[in-house]
Structures are given as structure tokens and as C-alpha cells.
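*Asks:* What follows is upload00.cif, made up of mmCIF, C-alpha atoms:
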data_model
loop_
_atom_site.label_atom_id
_atom_site.label_comp_id
_atom_site.auth_asym_id
_atom_site.auth_seq_id
_atom_site.Cartn_x
_atom_site.Cartn_y
_atom_site.Cartn_z
CA MET A 624 17.55 -28.86 8.08
CA THR A 625 18.74 -31.80 10.17
CA HIS A 626 16.50 -31.55 13.22
CA ARG A 627 12.82 -31.31 13.91
CA PHE A 628 10.86 -29.78 16.77
CA ILE A 629 8.19 -32.16 18.06
CA VAL A 630 5.33 -31.09 20.31
CA THR A 631 3.45 -33.91 22.08
CA PRO A 632 0.52 -32.39 23.99
CA ASN A 633 -0.26 -35.75 25.65
CA LEU A 634 3.02 -35.46 27.56
CA CYS A 635 2.58 -31.82 28.61
CA ILE A 636 1.78 -31.23 32.30
CA GLY A 637 1.27 -27.48 31.93
CA CYS A 638 4.19 -26.52 34.18
CA ARG A 639 5.08 -23.66 31.84
CA THR A 640 8.80 -24.15 32.34
CA CYS A 641 9.10 -23.71 28.55
CA GLU A 642 7.61 -20.22 28.82
CA LEU A 643 10.08 -19.25 31.53
CA ALA A 644 13.05 -20.69 29.66
CA CYS A 645 12.00 -18.89 26.47
CA SER A 646 11.48 -15.63 28.28
CA PHE A 647 14.92 -15.75 29.87
CA ARG A 648 16.62 -16.94 26.69
CA HIS A 649 15.24 -13.89 24.88
CA SER A 650 16.23 -11.34 27.51
CA VAL A 651 17.24 -7.90 26.32
CA ASN A 652 19.72 -6.04 28.51
CA GLY A 653 18.98 -8.32 31.42
CA LYS A 654 15.20 -7.92 31.20
CA PRO A 655 13.27 -11.12 30.38
CA GLY A 656 11.51 -10.96 27.03
CA GLN A 657 8.07 -12.01 25.87
CA THR A 658 7.76 -15.78 25.67
CA ARG A 659 7.37 -17.21 22.17
CA ILE A 660 5.77 -20.42 23.43
CA PHE A 661 2.48 -20.68 25.30
CA ALA A 662 1.25 -23.63 27.34
CA LEU A 663 -2.52 -23.37 26.93
CA PRO A 664 -5.39 -25.56 28.12
CA GLY A 665 -6.59 -28.03 25.49
CA PRO A 666 -10.12 -29.19 24.65
CA VAL A 667 -10.11 -32.03 27.19
CA ARG A 668 -9.82 -31.70 30.96
CA GLU A 669 -6.22 -31.93 32.25
CA MET A 670 -4.82 -31.53 28.76
CA TRP A 671 -2.23 -28.89 27.99
CA VAL A 672 -0.98 -27.83 24.59
CA PRO A 673 2.30 -25.96 24.13
CA VAL A 674 1.54 -23.57 21.27
CA THR A 675 4.43 -22.13 19.34
CA CYS A 676 5.31 -21.15 15.78
CA LEU A 677 4.76 -23.97 13.29
CA GLN A 678 7.35 -22.48 10.87
CA CYS A 679 4.78 -22.77 8.06
CA GLU A 680 5.93 -23.49 4.55
CA ASP A 681 3.77 -20.76 3.03
CA ALA A 682 3.91 -18.51 6.08
CA ALA A 683 1.31 -15.77 6.47
CA CYS A 684 3.73 -13.70 8.59
CA ALA A 685 6.31 -13.52 5.81
CA LYS A 686 3.63 -12.86 3.21
CA SER A 687 2.12 -10.05 5.24
CA CYS A 688 5.48 -8.36 5.89
CA LEU A 689 5.57 -5.45 3.45
CA VAL A 690 9.24 -4.69 4.15
CA ASP A 691 10.29 -8.36 3.83
CA ALA A 692 11.78 -8.50 7.31
CA ILE A 693 10.68 -12.14 7.85
CA SER A 694 12.57 -14.86 6.06
CA ARG A 695 13.55 -18.47 6.57
CA ASN A 696 16.85 -19.34 8.18
CA GLU A 697 17.97 -22.10 5.83
CA GLN A 698 20.11 -23.73 8.52
CA THR A 699 17.44 -24.17 11.19
CA GLY A 700 14.36 -23.94 8.99
CA ALA A 701 12.87 -21.29 11.28
CA MET A 702 11.15 -18.15 10.03
CA GLU A 703 13.09 -15.29 11.62
CA ILE A 704 12.31 -11.61 12.04
CA ASP A 705 15.13 -9.24 11.16
CA GLN A 706 14.70 -6.76 14.01
CA ASP A 707 16.67 -4.06 12.17
CA LYS A 708 14.29 -4.27 9.24
CA CYS A 709 11.03 -4.55 11.20
CA VAL A 710 8.91 -1.37 11.11
CA LYS A 711 6.48 -2.57 13.84
CA CYS A 712 3.35 -2.26 11.71
CA MET A 713 1.88 -5.36 13.43
CA ALA A 714 0.82 -6.90 10.13
CA CYS A 715 2.35 -10.30 10.99
CA VAL A 716 0.80 -10.29 14.47
CA ALA A 717 -2.62 -9.80 12.92
CA ALA A 718 -2.03 -12.13 9.98
CA CYS A 719 -0.68 -15.26 11.72
CA PRO A 720 -3.63 -17.68 11.88
CA PHE A 721 -1.99 -19.48 14.82
CA GLY A 722 -1.29 -16.31 16.81
CA CYS A 723 2.39 -17.09 17.14
CA SER A 724 3.79 -13.74 16.09
CA VAL A 725 3.53 -11.54 19.16
CA HIS A 726 4.22 -8.00 20.30
CA ASP A 727 6.79 -7.80 23.12
CA GLN A 728 5.43 -4.77 24.96
CA GLN A 729 8.32 -4.56 27.39
CA HIS A 730 10.91 -4.16 24.66
CA ASN A 731 8.57 -2.85 21.96
CA MET A 732 9.47 -5.38 19.32
CA ILE A 733 7.63 -8.00 17.31
CA VAL A 734 8.82 -11.49 18.17
CA LYS A 735 8.25 -15.08 17.16
CA CYS A 736 9.92 -18.45 17.74
CA ASP A 737 13.31 -18.62 16.02
CA LEU A 738 14.17 -22.07 17.43
CA CYS A 739 16.88 -20.25 19.44
CA GLY A 740 19.10 -20.40 16.38
CA GLY A 741 19.18 -24.22 16.41
CA GLU A 742 19.08 -25.17 20.09
CA PRO A 743 15.63 -24.38 21.50
CA VAL A 744 15.85 -23.93 25.27
CA CYS A 745 12.18 -24.84 25.79
CA ALA A 746 12.96 -28.38 24.61
CA GLN A 747 16.06 -28.51 26.80
CA PHE A 748 14.07 -27.51 29.88
CA CYS A 749 10.88 -29.50 29.23
CA PRO A 750 10.78 -32.08 32.08
CA THR A 751 8.41 -34.51 30.34
CA LYS A 752 9.68 -34.52 26.73
CA ALA A 753 6.47 -32.87 25.55
CA LEU A 754 8.86 -30.68 23.60
CA VAL A 755 11.84 -32.27 21.90
CA TYR A 756 14.26 -31.10 19.29
CA GLN A 757 15.98 -34.07 17.71
CA PRO A 758 17.48 -35.38 14.48
CA VAL A 759 14.81 -36.08 11.84
CA ASP A 760 15.57 -39.79 11.72
CA MET A 761 15.04 -40.34 15.46
CA PRO A 762 11.63 -41.81 16.47
CA LYS A 763 9.01 -39.60 18.11
CA PRO A 764 8.72 -39.75 21.93
CA LYS A 765 6.29 -42.46 23.10
CA VAL A 766 3.21 -41.59 25.11
CA VAL A 767 2.81 -44.15 27.86
CA ALA A 768 -0.87 -44.47 28.65
CA MET B 258 34.05 -11.18 0.03
CA VAL B 259 35.63 -7.80 0.65
CA HIS B 260 38.34 -7.22 3.25
CA LEU B 261 38.73 -3.86 4.91
CA THR B 262 40.06 -2.28 8.09
CA ILE B 263 37.73 -0.52 10.53
CA ASN B 264 39.32 1.24 13.52
CA GLY B 265 42.39 -0.94 13.16
CA THR B 266 40.48 -4.24 12.98
CA ARG B 267 40.55 -6.30 9.80
CA VAL B 268 36.98 -7.33 8.87
CA GLN B 269 35.15 -9.21 6.15
CA ALA B 270 32.09 -7.87 4.40
CA THR B 271 29.85 -8.92 1.55
CA GLU B 272 30.18 -7.04 -1.70
CA GLY B 273 27.56 -4.32 -2.07
CA GLU B 274 27.06 -3.86 1.68
CA MET B 275 27.21 -0.33 3.02
CA LEU B 276 29.91 0.71 5.48
CA LEU B 277 27.42 1.60 8.21
CA THR B 278 25.95 -1.91 8.24
CA VAL B 279 29.42 -3.40 8.73
CA ILE B 280 30.36 -0.83 11.38
CA ARG B 281 27.14 -1.49 13.35
CA ARG B 282 27.65 -5.25 13.05
CA MET B 283 31.03 -4.83 14.72
CA GLY B 284 29.26 -3.19 17.66
CA ILE B 285 30.79 0.22 17.04
CA ASP B 286 28.37 2.91 18.10
CA ILE B 287 28.04 5.75 15.63
CA PRO B 288 24.96 7.94 15.50
CA ALA B 289 22.53 7.83 12.60
CA LEU B 290 19.01 9.23 12.67
CA CYS B 291 17.69 8.63 9.18
CA HIS B 292 18.96 5.07 8.75
CA HIS B 293 16.68 2.04 8.66
CA GLU B 294 17.59 -1.38 7.29
CA ALA B 295 14.16 -1.77 5.71
CA VAL B 296 14.70 1.05 3.21
CA GLU B 297 17.39 2.18 0.81
CA PRO B 298 20.03 4.41 2.45
CA PHE B 299 19.40 8.09 1.95
CA GLY B 300 22.13 10.08 3.72
CA ALA B 301 19.86 12.80 5.07
CA CYS B 302 21.15 13.30 8.61
CA ARG B 303 24.86 12.94 7.69
CA LEU B 304 25.68 11.89 11.27
CA CYS B 305 27.13 8.53 10.26
CA LEU B 306 30.07 10.37 8.67
CA VAL B 307 33.41 8.52 8.79
CA GLU B 308 36.96 9.06 7.62
CA ILE B 309 38.21 6.78 4.84
CA THR B 310 41.58 6.28 3.23
CA LYS B 311 43.64 3.65 1.43
CA ASP B 312 47.36 2.91 1.45
CA SER B 313 47.41 3.73 -2.26
CA TRP B 314 45.85 7.16 -1.75
CA ASN B 315 49.18 8.72 -0.57
CA GLY B 316 47.77 10.11 2.65
CA TRP B 317 44.63 11.53 1.09
CA LYS B 318 41.59 11.16 3.29
CA GLY B 319 37.94 11.33 2.45
CA TYR B 320 34.89 12.05 4.62
CA VAL B 321 31.81 10.13 3.60
CA THR B 322 28.41 9.19 5.01
CA SER B 323 28.92 5.54 5.81
CA CYS B 324 25.28 4.62 5.13
CA LEU B 325 25.79 5.47 1.45
CA TYR B 326 29.32 4.20 0.92
CA PRO B 327 29.65 0.61 -0.34
CA VAL B 328 32.48 -1.45 1.14
CA GLU B 329 35.69 -1.62 -0.87
CA ASN B 330 38.74 -3.84 -0.65
CA ASP B 331 41.62 -2.47 1.48
CA LEU B 332 39.61 0.50 2.68
CA ILE B 333 40.86 1.93 5.99
CA VAL B 334 38.01 3.42 8.02
CA ASN B 335 38.19 5.54 11.13
CA THR B 336 34.83 6.08 12.78
CA HIS B 337 36.04 8.34 15.56
CA ALA B 338 38.80 10.50 14.04
CA ASP B 339 39.09 14.00 15.54
CA LYS B 340 37.85 15.62 12.34
CA VAL B 341 34.89 13.24 12.20
CA ILE B 342 33.87 14.05 15.78
CA GLU B 343 34.21 17.75 15.02
CA ALA B 344 32.01 17.45 11.92
CA ARG B 345 29.44 15.40 13.81
CA LYS B 346 29.35 18.07 16.52
CA THR B 347 28.63 20.77 13.94
CA LEU B 348 25.92 18.63 12.38
CA ILE B 349 24.18 17.89 15.65
CA ASP B 350 24.52 21.55 16.60
CA LEU B 351 22.63 22.45 13.41
CA GLN B 352 19.99 19.80 14.11
CA LEU B 353 19.57 21.26 17.59
CA ALA B 354 19.08 24.71 16.09
CA ARG B 355 16.33 23.33 13.88
CA CYS B 356 14.67 21.22 16.58
CA PRO B 357 15.55 22.84 19.93
CA ASN B 358 12.64 21.11 21.69
CA SER B 359 13.20 17.55 20.52
CA PRO B 360 14.19 15.30 23.45
CA GLU B 361 15.91 12.84 21.08
CA ILE B 362 18.07 15.56 19.48
CA GLN B 363 18.78 17.13 22.89
CA GLN B 364 19.96 13.80 24.21
CA LEU B 365 22.17 13.15 21.21
CA ALA B 366 23.63 16.67 21.44
CA ALA B 367 24.32 16.18 25.13
CA GLN B 368 26.40 13.10 24.26
CA PHE B 369 28.58 15.43 22.21
CA GLY B 370 28.74 17.95 25.04
CA ILE B 371 26.32 20.40 23.44
CA ASN B 372 23.62 21.66 25.76
CA ARG B 373 22.67 24.73 23.75
CA THR B 374 22.94 25.29 20.06
CA SER B 375 25.52 27.87 18.99
CA TYR B 376 23.25 28.90 16.13
CA GLU B 377 19.96 30.71 16.40
CA PRO B 378 17.33 28.17 17.45
CA LYS B 379 14.21 27.99 15.33
CA VAL B 380 11.29 29.30 17.34
CA ASP B 381 8.21 28.21 15.44
CA GLY B 382 9.51 24.89 14.16
CA ASP B 383 8.35 21.39 14.88
CA ASN B 384 10.77 18.59 15.76
CA CYS B 385 11.01 17.20 12.23
CA ILE B 386 14.57 16.87 10.93
CA LEU B 387 13.27 16.27 7.37
CA CYS B 388 15.16 12.99 7.00
CA GLY B 389 12.29 11.52 5.00
CA LEU B 390 12.42 8.17 6.79
CA CYS B 391 8.61 8.21 7.14
CA THR B 392 8.06 8.77 3.42
CA ARG B 393 10.67 6.17 2.47
CA ILE B 394 9.09 3.53 4.73
CA CYS B 395 5.63 4.39 3.39
CA ASP B 396 6.93 4.06 -0.20
CA GLN B 397 8.66 0.77 0.63
CA MET B 398 5.45 -0.66 2.05
CA GLY B 399 3.74 0.22 -1.19
CA PHE B 400 1.36 2.94 0.00
CA ALA B 401 3.23 6.19 -0.73
CA ALA B 402 0.60 8.15 1.17
CA ILE B 403 2.88 10.97 2.31
CA SER B 404 5.79 12.86 0.78
CA THR B 405 7.97 15.90 1.22
CA VAL B 406 6.31 19.03 -0.11
CA GLU B 407 7.68 22.45 -1.09
CA ARG B 408 11.35 23.33 -1.32
CA GLY B 409 13.97 25.15 0.75
CA HIS B 410 12.71 26.80 3.95
CA GLY B 411 9.18 25.60 3.45
CA ARG B 412 10.09 21.94 3.01
CA ARG B 413 7.98 19.65 5.14
CA ILE B 414 6.34 16.24 5.24
CA ALA B 415 2.66 16.21 4.32
CA PRO B 416 -0.06 14.22 2.62
CA PRO B 417 -1.10 15.36 -0.86
CA LEU B 418 -2.73 18.81 -0.82
CA ASP B 419 -2.71 18.70 3.00
CA GLN B 420 -5.88 16.64 2.88
CA PRO B 421 -6.35 13.30 4.68
CA PRO B 422 -4.30 10.98 2.43
CA PRO B 423 -6.47 8.59 0.42
CA ASP B 424 -3.70 5.96 0.22
CA CYS B 425 -2.93 5.87 3.97
CA VAL B 426 -4.02 2.66 5.71
CA GLY B 427 -3.18 3.81 9.24
CA CYS B 428 -0.44 1.25 9.92
CA LEU B 429 1.54 3.78 12.02
CA ALA B 430 4.87 2.70 10.49
CA CYS B 431 5.73 6.35 9.74
CA ALA B 432 4.99 7.55 13.26
CA LEU B 433 6.61 4.63 15.11
CA ASN B 434 9.86 4.80 13.14
CA CYS B 435 10.28 8.58 13.13
CA PRO B 436 13.65 9.30 14.82
CA THR B 437 12.22 12.32 16.63
CA HIS B 438 8.68 10.94 17.14
CA VAL B 439 7.09 13.98 15.61
CA ILE B 440 4.18 12.48 13.67
CA PRO B 441 1.05 12.81 15.82
CA PHE B 442 -1.62 10.14 16.05
CA THR B 443 -4.40 9.36 18.46
CA GLN B 444 -6.02 6.11 19.41
CA ALA B 445 -9.13 5.70 21.52
CA GLY B 446 -11.56 2.82 21.58
CA ASP B 447 -11.79 1.40 18.09
CA ARG B 448 -10.75 4.63 16.35
CA ARG B 449 -7.30 5.67 15.26
CA THR B 450 -6.48 9.03 13.70
CA ILE B 451 -3.30 9.84 11.83
CA TRP B 452 -2.67 12.49 9.17
CA GLU B 453 -6.18 13.71 10.05
CA LYS B 454 -7.65 10.54 8.60
CA ASP B 455 -9.96 8.48 10.79
CA PHE B 456 -9.63 4.69 10.85
CA GLU B 457 -11.63 1.85 12.36
CA LEU B 458 -9.58 -0.70 14.28
CA ILE B 459 -10.60 -4.32 13.89
CA THR B 460 -12.12 -5.63 17.14
CA CYS B 461 -11.42 -9.26 17.95
CA SER B 462 -14.79 -10.93 17.57
CA ARG B 463 -14.18 -13.07 20.67
CA CYS B 464 -12.33 -11.01 23.28
CA GLY B 465 -12.81 -7.50 21.95
CA ARG B 466 -9.14 -6.62 21.77
CA LYS B 467 -8.15 -4.13 19.06
CA THR B 468 -5.75 -5.17 16.32
CA ILE B 469 -4.85 -3.38 13.07
CA THR B 470 -7.01 -1.03 11.03
CA ARG B 471 -9.69 -2.39 8.70
CA GLU B 472 -8.02 -0.56 5.78
CA PHE B 473 -4.63 -2.16 6.50
CA ALA B 474 -6.17 -5.65 6.64
CA THR B 475 -7.95 -5.07 3.32
CA ALA B 476 -4.73 -3.80 1.76
CA LEU B 477 -2.80 -6.84 3.05
CA SER B 478 -5.39 -9.21 1.58
CA LYS B 479 -5.27 -7.43 -1.75
CA MET B 480 -1.49 -7.06 -1.97
CA ARG B 481 -0.36 -10.35 -0.48
CA GLY B 482 -3.38 -12.59 -0.79
CA ILE B 483 -3.97 -13.20 2.92
CA PRO B 484 -7.60 -14.25 3.57
CA GLU B 485 -9.49 -11.48 5.31
CA SER B 486 -10.92 -14.01 7.76
CA TYR B 487 -7.42 -14.27 9.33
CA PHE B 488 -7.84 -10.77 10.71
CA GLU B 489 -11.08 -11.38 12.61
CA LEU B 490 -9.43 -12.67 15.79
CA CYS B 491 -6.57 -11.25 17.85
CA ASP B 492 -3.33 -13.21 18.31
CA ALA B 493 -4.31 -14.53 21.79
CA CYS B 494 -7.62 -15.94 20.51
CA HIS B 495 -5.82 -17.44 17.49
CA ARG B 496 -3.50 -19.23 19.93
CA GLU B 497 -6.48 -20.50 21.91
CA ASP B 498 -7.92 -21.98 18.71
CA THR B 499 -4.55 -23.53 17.87
CA ALA B 500 -4.44 -25.19 21.33
CA GLN B 501 -7.99 -26.51 20.84
CA GLY B 502 -7.20 -27.84 17.37
CA MET B 503 -3.88 -29.43 18.28
CA GLY B 504 -5.43 -30.81 21.45
CA ARG B 505 -8.20 -32.55 19.50
CA ILE B 506 -5.60 -34.20 17.26
CA ALA B 507 -3.63 -35.26 20.36
CA ALA B 508 -6.74 -36.73 22.01
CA TRP B 509 -7.53 -38.65 18.84
CA SER B 510 -3.98 -40.04 18.59
CA ARG B 511 -4.12 -41.13 22.25
CA ARG B 512 -7.33 -43.05 21.56
CA GLU B 513 -5.73 -44.64 18.48
CA GLU B 514 -2.63 -45.64 20.45
CA LYS B 515 -4.74 -47.19 23.22
CA ALA B 516 -6.84 -49.09 20.70
CA SER B 517 -3.87 -50.55 18.87
#
Reformat the file's structure so that it appears as C-alpha cells.
*Replies:*
Amino acid sequence: MTHRFIVTPNLCIGCRTCELACSFRHSVNGKPGQTRIFALPGPVREMWVPVTCLQCEDAACAKSCLVDAISRNEQTGAMEIDQDKCVKCMACVAACPFGCSVHDQQHNMIVKCDLCGGEPVCAQFCPTKALVYQPVDMPKPKVVA
Amino acid sequence: MVHLTINGTRVQATEGEMLLTVIRRMGIDIPALCHHEAVEPFGACRLCLVEITKDSWNGWKGYVTSCLYPVENDLIVNTHADKVIEARKTLIDLQLARCPNSPEIQQLAAQFGINRTSYEPKVDGDNCILCGLCTRICDQMGFAAISTVERGHGRRIAPPLDQPPPDCVGCLACALNCPTHVIPFTQAGDRRTIWEKDFELITCSRCGRKTITREFATALSKMRGIPESYFELCDACHREDTAQGMGRIAAWSRREEKAS
């Protein structure tokens, strides 16, 4: 793992470009997929929080998967769902305490953030650097008050 | 690493992999009804049949179900040889005779140019092709609530003694993965019924959305040690909580930054 995905809610303006980018990146046969990232209102007025998979160390999704379809991609560090193995029992959707494993109703599959295999498009499209994907030794983006 | 030739293309595969996995990875479309990556291969539907040979076999050719055949060095595979197509046609013709009313089988047969079975179609049958994928998935998940019962003509899939299965948790994995969608279930309000067993669906305590069955959640906590409290909210409400929690941390860090 050489990169990290940093979410800075104080920089998010709630434009939801990340959701669009994610949806298009995960299209199936030309149809946009379910977004894996959600820009949601925070506890304070005018605050937005992009919520996406935290790639937990001891992940509830992987623990709950009785057919072991969820495993960590050692290269990117992301927990990935093997769609060929998934039996759509919805256990991970119910088990994730952050709600980041979701059912894509359009394509009838269970999806979660896979960091786009190492180049997350949400971070590429985020206009305010609220989402960045950068080498671990680079400093975090500054919030200018 | 194993090197073999599939339809004239040299490919690499990992030792122990089955031919079908490699063929599918190459994007070659061959039919298979009973195959699922989550469970051990079984070779029930036989549709993934391919022709295999080797230079050292002096022209001898074998016909094997690719889902059950491990990759071998220097194997030469033909997925669409004339004899293979012919065998697949016969197989799908037989499936159509067994399940004349199954839309999935009809569609597959139509791809092979078969609109009517040349055998006598079964009149009183259901659309089950007896591939056992449902029972294998159920076993794999650790419930083993259903199995094949009886032998020969009477063979069918059923819970023990045809009673509502005590080990079933109502996860629907059997029904959703059935290649001919033949396992009936109903869902209305917070009730779900499958294999004539009635289940209560967990209602999100905040928004009222329905998630998995209470029995499935209990089983997951027992088998994998997931706290049962995780199952009280739906995924959307969990996300809301995550936004609130992360937002509070962000607000705190903004105050800290301003202060320093």
C-alpha cells in the first residue's frame, strides 16, 4: 500500500460530483451504476461529509460473508467483492456499521468502494480536494479558515 | 504457472484452476447453468463441455466438462468444436424436455436453434434442472437446510421430511442463485416466506426499511461474531450516522486549527 485516501469534510461543498464520477466509473453495459460514495449533510449547518468505505482492518463485511467473497486487495488495500462469488444474501449490506456496502438495484449486485483499483475517480473529480488519493508520505490537504 | 492453448490462443493459468474459470476469464462465452464460483464445481448440467487434446496424445481427443477439469500444461482446448456444439445441443434439448416451461432454458435452447424439444416434454414437471446449486450454496454458507431427496425419477430438492426446515435462516441465497429461478418465496411487509417457513424481517428502527431476517442476523452474530446491534439500522441510516460522526470530528479539528 503506497497511497492513502483522505476525506476532509471541511473542504466538501456538497456538489456531489464524486457521486456522479463514481456512478459513471462503475457503469455496466453503458448503464451508470450505484454510487459507492455519498455526500451527506453533517451535524453542523453548511457542512457536508463524503461517506465511503473506510476499508476497515477487521471488516464486518468480510466477516459476515459466508462464502468469503470479500477480501483485501493487497495492492490497493481496498476490500473488494468478488462478483462471481457473491450470492447476494445481503449479509454485508446489513452488517456494515458504516452503511458502505450497498445493493445496486439497477444491476442487482452488491457493491462497495474498491478504490477504482488504485485510481479513485471521485478524488480525481473532486473540485475542492475534499477527497484526495496521494502517497502516504505527502502532507494532508490544508483547510483554510 | 501452467501454459495451455485455448481456441488457438496461448494462455497462462494458475495450477489447480479449473478450465471453465480460465475460459470465462478470456471472455469466451460457453454456457453453464450449475456453475458458481462460490462453491466447488459439480458438473451437473454438463453444458460447459469442451474438447481437449495434447500433441502427445496422437490425435486422441477427449470431451470433458470444463468446470471439473483442472488445467494442465500443453493442453489444447477447443470450446466450440463441431462435436462439442452437437453434444451441447443434445444436452439442452434434454433440459428442454425436462423443463419445457422454463424461460431461461427456452432462451438458451433458442440460442442453439432449438425451439421445441425433440424428446417428449415432461408435462407435470417444475422448472428444476436438479443441478443442486441451491443445496451446494446452502451447505457452503454453513446452514445445509435443504438437500436432494429420493433417487431416479423422484429426485427433487426439498427440506428434511418436507417440513419447514429448522436450519433455514431465510437468506434467499438458494432462490436468488437458482439458474431457472424455480424456488418460490414471498415477501410482504415484514414477513418473508420460503420453504414454507415464515420469517420476520428486521425493520430499521429509524426509517422503517426492511433488511435481512432476524434469524439470519442471529446466525451471523453466532457464526462470525458480529454484534447484533449492527443489524438494527439499515445501510442508509448507518451512513447518516457515519456522516454525523465524521462531521463532529471535522468540526472539532476546525476549531483546533483556528485556535492554534
*Asks:* If you count all atoms listed in the file, which residues fall within 12 Å of B:Asp381, apart from same-chain ones fewer than 4 positions away, as a PyMOL selection string?
*Replies:* chain B and resi 354-358+385
*Asks:* Do you have the atom CA of B:Cys494-atom CA of A:Gln678 distance handy?
*Replies:*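 Separation of atom CA of B:Cys494 and atom CA of A:Gln678: 19.0 Å.
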*Asks:* Using the chain letters and numbers from this file, what does the PyMOL selection byres ((chain B) within 8 of (chain A)) select? Give the answer as a PyMOL selection string.
*Replies:* chain B and resi 293-296+397-399+428-430+433-434+468-469+474+477+481+483+487-488+490-505+507-508+511+515
*Asks:* Please save C-alpha atoms of the selected residues as a compact mmCIF listing (two decimals), in the coordinates of the input.
*Replies:*
# COMPACT_ATOMS: atom_id res chain seq x y z
CA HIS B 293 16.68 2.04 8.66
CA GLU B 294 17.59 -1.38 7.29
CA ALA B 295 14.16 -1.77 5.71
CA VAL B 296 14.70 1.05 3.21
CA GLN B 397 8.66 0.77 0.63
CA MET B 398 5.45 -0.66 2.05
CA GLY B 399 3.74 0.22 -1.19
CA CYS B 428 -0.44 1.25 9.92
CA LEU B 429 1.54 3.78 12.02
CA ALA B 430 4.87 2.70 10.49
CA LEU B 433 6.61 4.63 15.11
CA ASN B 434 9.86 4.80 13.14
CA THR B 468 -5.75 -5.17 16.32
CA ILE B 469 -4.85 -3.38 13.07
CA ALA B 474 -6.17 -5.65 6.64
CA LEU B 477 -2.80 -6.84 3.05
CA ARG B 481 -0.36 -10.35 -0.48
CA ILE B 483 -3.97 -13.20 2.92
CA TYR B 487 -7.42 -14.27 9.33
CA PHE B 488 -7.84 -10.77 10.71
CA LEU B 490 -9.43 -12.67 15.79
CA CYS B 491 -6.57 -11.25 17.85
CA ASP B 492 -3.33 -13.21 18.31
CA ALA B 493 -4.31 -14.53 21.79
CA CYS B 494 -7.62 -15.94 20.51
CA HIS B 495 -5.82 -17.44 17.49
CA ARG B 496 -3.50 -19.23 19.93
CA GLU B 497 -6.48 -20.50 21.91
CA ASP B 498 -7.92 -21.98 18.71
CA THR B 499 -4.55 -23.53 17.87
CA ALA B 500 -4.44 -25.19 21.33
CA GLN B 501 -7.99 -26.51 20.84
CA GLY B 502 -7.20 -27.84 17.37
CA MET B 503 -3.88 -29.43 18.28
CA GLY B 504 -5.43 -30.81 21.45
CA ARG B 505 -8.20 -32.55 19.50
CA ALA B 507 -3.63 -35.26 20.36
CA ALA B 508 -6.74 -36.73 22.01
CA ARG B 511 -4.12 -41.13 22.25
CA LYS B 515 -4.74 -47.19 23.22
*Asks:* Report as number ranges by chain all protein, DNA and RNA residues lying within 12 Å of stretch 650-653 of chain A, evaluated on only C-alpha atoms, omitting residues in the same chain fewer than 6 positions from it.
*Replies:* A: 643-644, 659, 727, 729-732, 734
*Asks:* So that I have them on file, write out the residues from the current selection with C-alpha atoms, as a JSON list (two decimals), in the frame of the given file.
*Replies:*
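Generated file (again.json):
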[["chain", "number", "residue", "atom", "x", "y", "z"],
["A", 643, "LEU", "CA", 10.08, -19.25, 31.53],
["A", 644, "ALA", "CA", 13.05, -20.69, 29.66],
["A", 659, "ARG", "CA", 7.37, -17.21, 22.17],
["A", 727, "ASP", "CA", 6.79, -7.80, 23.12],
["A", 729, "GLN", "CA", 8.32, -4.56, 27.39],
["A", 730, "HIS", "CA", 10.91, -4.16, 24.66],
["A", 731, "ASN", "CA", 8.57, -2.85, 21.96],
["A", 732, "MET", "CA", 9.47, -5.38, 19.32],
["A", 734, "VAL", "CA", 8.82, -11.49, 18.17]]
*Asks:* Could you tell me which residues the PyMOL selection byres ((chain A and resi 746-756) around 9) grabs in this file, written as a list in words?
*Replies:*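 So the PyMOL selection byres ((chain A and resi 746-756) around 9), applied here, picks out His626, Arg627, Phe628, Ile629, Val630, Thr631, Pro632, Asn633, Leu634, Cys635, Ile636, Cys638, Arg639, Thr640, Cys641, Ala644, Pro673, Gly741, Glu742, Pro743, Val744, Cys745, Gln757, Pro758, Val759, Lys763 and Pro764 of chain A.
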